[in-house]
Each structure stands twice: as structure tokens, then as C-alpha cells.
Amino acid sequence: MDGEPPASSGLGLPDYTSGVSFHDQADLPETEDFQAGLYVTESPQPQEAEAVSLGRLSDKSSTSETSLGEERAPDEGGAPVDKSSLRSGDSSQDLKQSEGSEEEEEEEDSCVVLEEEEGEQEEVTGASELTLSDTVLSMETVVAGGSGGDGEEEEEALPEQSEGKEQKILLDTACKMVRWLSAKLGPTVASRHVARNLLRLLTSCYVGPTRQQFTVSSGESPPLSAGNIYQKRPVLGDIVSGPVLSCLLHIARLYGEPVLTYQYLPYISYLVAPGSASGPSRLNSRKEAGLLAAVTLTQKIIVYLSDTTLMDILPRISHEVLLPVLSFLTSLVTGFPSGAQARTILCVKTISLIALICLRIGQEMVQQHLSEPVATFFQVFSQLHELRQQDLKLDPAGRGEGQLPQVVFSDGQQRPVDPALLDELQKVFTLEMAYTIYVPFSCLLGDIIRKIIPNHELVGELAALYLESISPSSRNPASVEPTMPGTGPEWDPHGGGCPQDDGHSGTFGSVLVGNRIQIPNDSRPENPGPLGPISGVGGGGLGSGSDDNALKQELPRSVHGLSGNWLAYWQYEIGVSQQDAHFHFHQIRLQSFPGHSGAVKCVAPLSSEDFFLSGSKDRTVRLWPLYNYGDGTSETAPRLVYTQHRKSVFFVGQLEAPQHVVSCDGAVHVWDPFTGKTLRTVEPLDSRVPLTAVAVMPAPHTSITMASSDSTLRFVDCRKPGLQHEFRLGGGLNPGLVRALAISPSGRSVVAGFSSGFMVLLDTRTGLVLRGWPAHEGDILQIKAVEGSVLVSSSSDHSLTVWKELEQKPTHHYKSASDPIHTFDLYGSEVVTGTVSNKIGVCSLLEPPSQATTKLSSENFRGTLTSLALLPTKRHLLLGSDNGVIRLLA
């Protein structure tokens, strides 16, 4: 099926009467509806991020809720996105290393579907839409122009359509999942792992000759048209890349304009950068696809940049994007693997991009900032014109083997020329292309065209020749309205392109107000040309809700937008290599969580890292959201407060398998974090023998391990009443009270630490004591179990020790100089420690003993450090203090 449209049955999409919604909710919001049996949403404006289940902690909430309300009405995204304009950027130090890194599963899903869609969508017509919010995918039905075939042809077409429909449903679901993940993971993780892989995937959408074919519908003329500025004729790659661009744009809407300028734009610069400074760059198929993806993404970015930001980064766009692209496009020595077709598409997209920038910034700024790119673009016509005149001088005789002939041009410059490329260049830069470039730019630039384009007269003559060839009665290229020849106003014959009567200028129906270009709402042509409607016209102009037809759109103000400390930390994080496995603590304050009236005794993030739990002396457990807000100084309120405890809470954790919270104040409470309802309470058998330590078993186990003051270990299964197991740990000795418990990641062993410094290792399956040994000289303060049968323990004797479960001697031994390490957490093969003197240290489990410590500043952390928890995916620290305030630092 590669490259061939589906069978011509004229049936369109079969009706989905079952109604696919991807919702678990029974009732749809008022803004959502089912159209043609398929789920669509009709909210024209992006909802505020708080309206979604971003922080509802519930897996029961629908995926569409968590897409941050970005889905729009079908009429707002009604054309394939071929001018996508987001900028992508990896840090330059990590781009090459990360090329081979694994992509997110969701991106892989979308990539698979995108690959399967290749060749199924050649002709795109305005048939039914399956909503994917900002993007019109290749989900539009391909309906052939024929009136239909016989019954057998219809029967053959139905399975094809059904299979294509399933792929579109899968693609829609994958995109929604990526959007949901982008909001759930937070800005740093979303940029490092989701956006990066989407940017790489974008290049893949344009690889291969099939993806670089114009999607010509029946009855349309060839791709180049009389002077349309915005080439609305997409290639198949534009349709395939639609979901990727939609997800990239969604991340920018979530976290703001910095995503465009600090991540997407540097990635575009990386895509278009020349291979090496010495000698001409060689294009391969991926580099060629990267150029097309870069220009497409840049167009999307320009639309969503504010005026101030656009002017600030315009020199970068000119020197890092436009000039490198033009160096490939106008090169006389570099050929494109796909030949003239790929170069033509890149030329058309580059015209559209430069025209968009010209419309945004005005004539004066064009003269100041874009003179070089525009002049370079036009100069290639002069070079080819001179080469045609010097054709005899390109005789290879007399030059060394492997050397390209050097040609001296009229500007005095001597340039190498590859004679084999002349045919390709002449197929691209034809009279029609000259007309396509000259007319819109003469209208956009007016008299300035004479100042910044030295060869404008030659290009004007070539455009006139083309116009004469299609319409012998018209001699001047500016004398005919480009979109509707013969019906436009009377144009100035001197190439200024300004109409004499109506105050309009250019081919886009705009009005100049100073250096600002105003787009009238009534300027839509009745019959747009084969390249489609001109951007900025017909969709409501600047006020349009359509991404495709607007010169400028505002990114919605999101409460999760990056600013202040969040922005500084995010900028650092996207520059860190993905190969860097070390934890770096920069003491950047990101958020504060006040609310407890007593000291915070324990902090425990949930496995998803979007919420965390805290227990305090004030006898409450609080559930807090971990989504970014503000500039680092904002304070976040708890989402839920559990108030059923009667004493100070010293343990809180999540029982992962049933998604329950376990907290202990001497009695164990099991409760639902979604409702706050108590599910079960486990009291000590004897009030004189209270519980002193608690731990929860890892998934898929559902048991809770409790140690009492009589050195007895009890197991309780939260699914059934009564005790599951009971084991004595003392063994005739008197090791003291159990201060800490830790369960191995496999759940097969549990280690108990006593107040005497003694440690006991127990097999949870048999109840046998595997080992008991004097580990420390003081109270055991905390124990953690790590993969590979490794234990880490800290004691009041100022030591932190790393053990192998069944080895007698410790693997590593760290000694704190001043204070005992009363709290610590693990990050990979590193231990992050905290002391009562507010010092944070990082030491390795593998390397020889060495520890880097940082003293917390009073500006970032007040009070005394009482508890510490690490978010391994986000690389943040949660620090609890004796004044009841919890801080999020990075």
C-alpha cells in the first residue's frame, strides 16, 4: 500500500455508533460532544490548568481531563499543519549522545502508528475529522473522486478503512497519553524525556521520498502557484508530523514560551547546522528530513512568540536557522538525496517562513535584520543565470581529479560549482519559482526590495517571463492579483505592489498601519488558489483561533508556566547529559508547603512523584501536590488532611499494590488517599507494648510489617482481618527496641535495626533469622534496602555503613564529622544524607569513601532538618523541618 491511496469506494469513514470517548466517566462535560459517533470537544479557549485532574491523585480521572483542556473545536484545526512553528532544542552538549537513547513508550506507539499510516493518505479532502485537538492528523478520510465501484470493490475497501480507523484511534490515544504524561511528569522530566524524543521523532516524519510528495487532490494544479505567500499545500510528511507537533505545542502551552526559545530553537539550530567547516557538507536522507522538520517547526514557533521575544531572538533565527537552511538550499555543490523534489519543498517552506517573519516584524525591521537571508535567497537566480551563460566554461578538462570547477560570478566572488547539480537546480529555481518568490516579496517589502535585493530586476524579469507564458496579455508580474488573476485591484506597475484605491498592500489582504500589518476579517478570497488560503486571511486574521491561519497567537497563561527559580532550574536540567547518573544539589528553592503546626516527622513521596505525604507531631497526615507553581516563592496548600490519629505520627508510606496509605502513631491506620476514609486500624495487642517501627511490602505484596517494643515482628495483610505472621527477633538476647525496619525490593527479606546498634536479617517467607550482627555502636536511626542485597544503615555514632546482606564486613563506611546522619535517601548508587545541622551530603555506594556536603542557607530553609525524601525521577529533595514547613529544593 506504500504511497497508494485507499480504494475508491466513496464511502468515507464508517459510522462509529458505539462512540469512542477514552473516558471512564459516565457523563460528558457540557463542552464535549459526540459528532459522527466520534468523541470531539468544543471548548474554543484552552482551559486553565487547574481545571484538569492534574492534582486529583486519581487514576479514575479521565485522560482528556488531564490534557489541560487544550483540545479545540474541529473547525479550529481544519487543515494539516504544514507550517508548524515550534522550536526544538536539546542542549548542544547532549544532542549527539542522546541520539540513540530510548524513546518513551508513548512516543514509540505514535511512531509505529505514524509508520503504518505512511502511504495510506495521498489525497486529503475535507471529510470527517477525528479530533486530536490542535492537530488534524491523517485522520481525515481519503475519499476518491470517483462515484464508486462495484460491490466487490466496496467489500475490499471496508477492511482497509476499518484497519485505518483503528490505527487512528490508537494514534489519538497515544497522543492523549503523551499530553497527560507531559503534565504529570513536570517541566524538567517532560522536556528531558518526552519533548526530546518528540523532536527526534519529528525528523523521522520527513524521511524518504514518499513523505516528500505533495498531497495533490483531484483537480488541483501543480504545487507552485501564482504568488501565494503561505504554501498551504502540505506534503505527506506534514500530515504524519501533525500529532508530534501537536504534542510539542501542548508542552509549550503547559510550561510557557521558554520551551520554545530554550529547547526547541537550539534543537532547530542543531538540525540545520552544517556538518563541518572544511569543504561542502554532504546531505544524507536524515539530514535532508531534518531541514524540512526544522523549517516546519520554526514556522510554528514564530506564530506563538510574543513581539518582544521575537525581536530579541530575531538575530539568532537569522544566523542560526535561516542562513544555514539557505546555504543548503542555494548550494551549487551540495545535492539533495531526494533530488529536486526535496529541494523544491524546502524552498516553498522557506519562502513561507521568511514571509511570515516579514509580516510579523514589518518592512523596517526586515531591512535591519533579514537583508542577508532575503538577498541570499534571491541571489541564486543570478548565479544560475550566469552559469547558463558560461555553460561552455564548465568543461572539466584541465582541472585535477576530484576537484570542482571554480566560477567567477559578477559580484567578484569565485565559487565552486558541481556541473552534475545544474540540472537539479534548474528544475527547482524555475520561472515559476521566481514568480512565486518575487510577487509576494515585492508586495511585502515595497520599495525596500530595491535596497536589500541587488538582483531584484533580474528576478522580476524572470517572473514576467513566467507570467507571459501563462497569460500573454499580462507583462508585469505585479499587475495581476496573485491569488485570483484578473480580479484584483489595479496594482502599481513599478513593483511596489501597493494598490491605488483600497489602502491594501501585498497579496495577503493586509492594511499597513505604521509598521504594523492589520488583517481585515473580510479579506478572504472566494476561491483560494491551489496552495490553499493565505495565512492570516479567512480564519479571522490575527484574532483567529486557528493555528494554521494566524500570523500571531498568544500562548495561554498557565499556572504551571516557568518563571523565576523554576525557569533557572529547568534551563540547567535540559542542559544536563542524560548519561549523567549523579545527583547534583544546587540549593534552588522551588516550592514551600506550610500547614503543619508541629515538627514534620516523616515525608514520603508517592511512586508517581506527583504527590507526597507528610506526618507530623500535630497528629495529622497531609497529602500535597507536587506540580510546579510560581517562581519558587509560592506556597502550596495540602490537597487532603487526615486527622484520625491520636498521637504524633512517626511513619507514613504508600502500600503500592492496593494504592492505600499506611500511617502510624503507635497504632497503624490504613486509609484511602482519594477520599481520606479510614479503611482499617491495627492497634497493638497490649497498650503497654506499642509499635515502634513500621514498613510496607513492595508490590505486588499487600502486607504491612510492624515491630513492637517486645522485639516481635508482625505481618498484617490489609485485605483480610487478623495477623498474617508473627516472629520473635530477640532470640534470647536483649538488643533493645526496634528503631527501624527495611524490606528488600523483592520483599523476600526484612532487616530490623535496634537501639543497641544490633541488626537482624529475617527471611519473610520462612521466618528464619538469616543473620544478626552488631552493626553500630549507637542507636540505629534509619535503614534502607537496595537492589543487589545491599543495606544502608545510619546510627547515632555518626556513621553511615553499606552492607551486603550475608557478608560480615561492611562494603563502605562513612563517618560524619559533627552530627549523626539521622535521615537519608537513595538515588541510584548514591546516598543523599541530612543532619540536624542542616547539612546535605552526597556519597557513593560504589566508590571509595568520599562525601560532598552542602550547608542549607537560611534563605532557602529555616528551622532544623527533621526528615528528607528524594524524588528520583525529578531529582528534587523534600526537606521537612521542626517548624512544620516542608521545602522542595533542587
# chains A, B, ... in the order shown; residues from 1 in each chain; ligands from 1

$ residues_around --residues "segment 827-843 of chain A" --least-positions-apart "3" --cutoff "7 Å" --atoms "only C-alpha atoms" --output "ChimeraX atom specification"
/A:819-824,846,850-856,864-866,868,872

$ write_last_selection --atoms "C-alpha atoms" --output "tab-separated table (two decimals), in the first residue's frame"
chain	number	residue	atom	x	y	z
A	819	ASP	CA	26.48	15.32	63.69
A	820	PRO	CA	24.85	11.93	63.20
A	821	ILE	CA	23.10	11.28	59.89
A	822	HIS	CA	19.55	10.96	61.16
A	823	THR	CA	17.87	10.94	57.73
A	824	PHE	CA	18.93	9.83	54.26
A	846	LEU	CA	30.35	2.05	44.93
A	850	SER	CA	34.12	10.42	49.92
A	851	GLN	CA	31.33	12.80	50.73
A	852	ALA	CA	30.40	16.24	49.40
A	853	THR	CA	28.35	18.30	51.85
A	854	THR	CA	26.34	21.49	51.42
A	855	LYS	CA	25.09	23.71	54.22
A	856	LEU	CA	21.49	24.79	53.69
A	864	THR	CA	16.09	22.29	61.86
A	865	LEU	CA	16.07	19.47	59.32
A	866	THR	CA	13.95	16.60	60.63
A	868	LEU	CA	14.35	14.07	53.99
A	872	PRO	CA	14.49	10.07	41.91

$ select_by_dssp --residues "segment 568-605 of chain A" --states "strand (DSSP E)" --output "list in words"
Arg589, Leu590, Gln591, Ser592, Phe593, Val600, Lys601, Cys602, Val603, Ala604 and Pro605 of chain A

$ write_last_selection --atoms "C-alpha atoms" --output "PDB file, in the first residue's frame"
ATOM      1  CA  ARG A 589      14.202  26.638  46.249  1.00  0.00           C
ATOM      2  CA  LEU A 590      11.249  25.589  44.126  1.00  0.00           C
ATOM      3  CA  GLN A 591       8.234  25.445  46.432  1.00  0.00           C
ATOM      4  CA  SER A 592       7.118  25.608  50.069  1.00  0.00           C
ATOM      5  CA  PHE A 593       4.448  23.525  51.814  1.00  0.00           C
ATOM      6  CA  VAL A 600       7.483  17.152  60.446  1.00  0.00           C
ATOM      7  CA  LYS A 601       8.464  13.630  61.465  1.00  0.00           C
ATOM      8  CA  CYS A 602       8.315  11.840  58.119  1.00  0.00           C
ATOM      9  CA  VAL A 603       7.971  12.624  54.410  1.00  0.00           C
ATOM     10  CA  ALA A 604       7.105  10.042  51.728  1.00  0.00           C
ATOM     11  CA  PRO A 605       6.571  10.760  48.014  1.00  0.00           C
TER      12      PRO A 605
END

$ atom_distance --atom1 "atom CA of Gln299 of chain A" --atom2 "atom CA of Leu356 of chain A"
7.6 Å

$ atom_distance --atom1 "atom CA of Ala375 of chain A" --atom2 "atom CA of Gln389 of chain A"
21.5 Å

$ residues_around --residues "Ala785 of chain A" --least-positions-apart "5" --cutoff "6 Å" --atoms "only C-alpha atoms" --output "ChimeraX atom specification"
/A:742,744,790-791

$ write_last_selection --atoms "N, CA, C and O atoms" --output "mmCIF file, in the first residue's frame"
data_model
loop_
_atom_site.group_PDB
_atom_site.id
_atom_site.type_symbol
_atom_site.label_atom_id
_atom_site.label_comp_id
_atom_site.auth_asym_id
_atom_site.auth_seq_id
_atom_site.Cartn_x
_atom_site.Cartn_y
_atom_site.Cartn_z
ATOM 1 N N ALA A 742 13.431 -2.200 57.349
ATOM 2 C CA ALA A 742 13.577 -2.024 55.902
ATOM 3 C C ALA A 742 13.310 -3.353 55.225
ATOM 4 O O ALA A 742 13.766 -4.406 55.708
ATOM 5 N N SER A 744 13.492 -5.593 51.608
ATOM 6 C CA SER A 744 14.220 -5.639 50.339
ATOM 7 C C SER A 744 13.270 -5.359 49.183
ATOM 8 O O SER A 744 12.062 -5.606 49.287
ATOM 9 N N VAL A 790 21.825 -5.209 49.108
ATOM 10 C CA VAL A 790 22.640 -4.189 49.762
ATOM 11 C C VAL A 790 21.800 -3.479 50.814
ATOM 12 O O VAL A 790 20.623 -3.152 50.577
ATOM 13 N N LEU A 791 22.385 -3.223 51.975
ATOM 14 C CA LEU A 791 21.731 -2.500 53.055
ATOM 15 C C LEU A 791 22.540 -1.258 53.389
ATOM 16 O O LEU A 791 23.773 -1.291 53.359
#

$ residues_around --residues "segment 204-208 of chain A" --least-positions-apart "5" --cutoff "9 Å" --atoms "only C-alpha atoms" --output "list in words"
Cys111, Leu114, Glu115, Val235, Leu236, Gly237, Asp238, Ile239, Val240, Ser241, Val244, Ser285, Arg286, Lys287, Glu288, Ala289, Gly290, Leu292, Ala293 and Ser338 of chain A
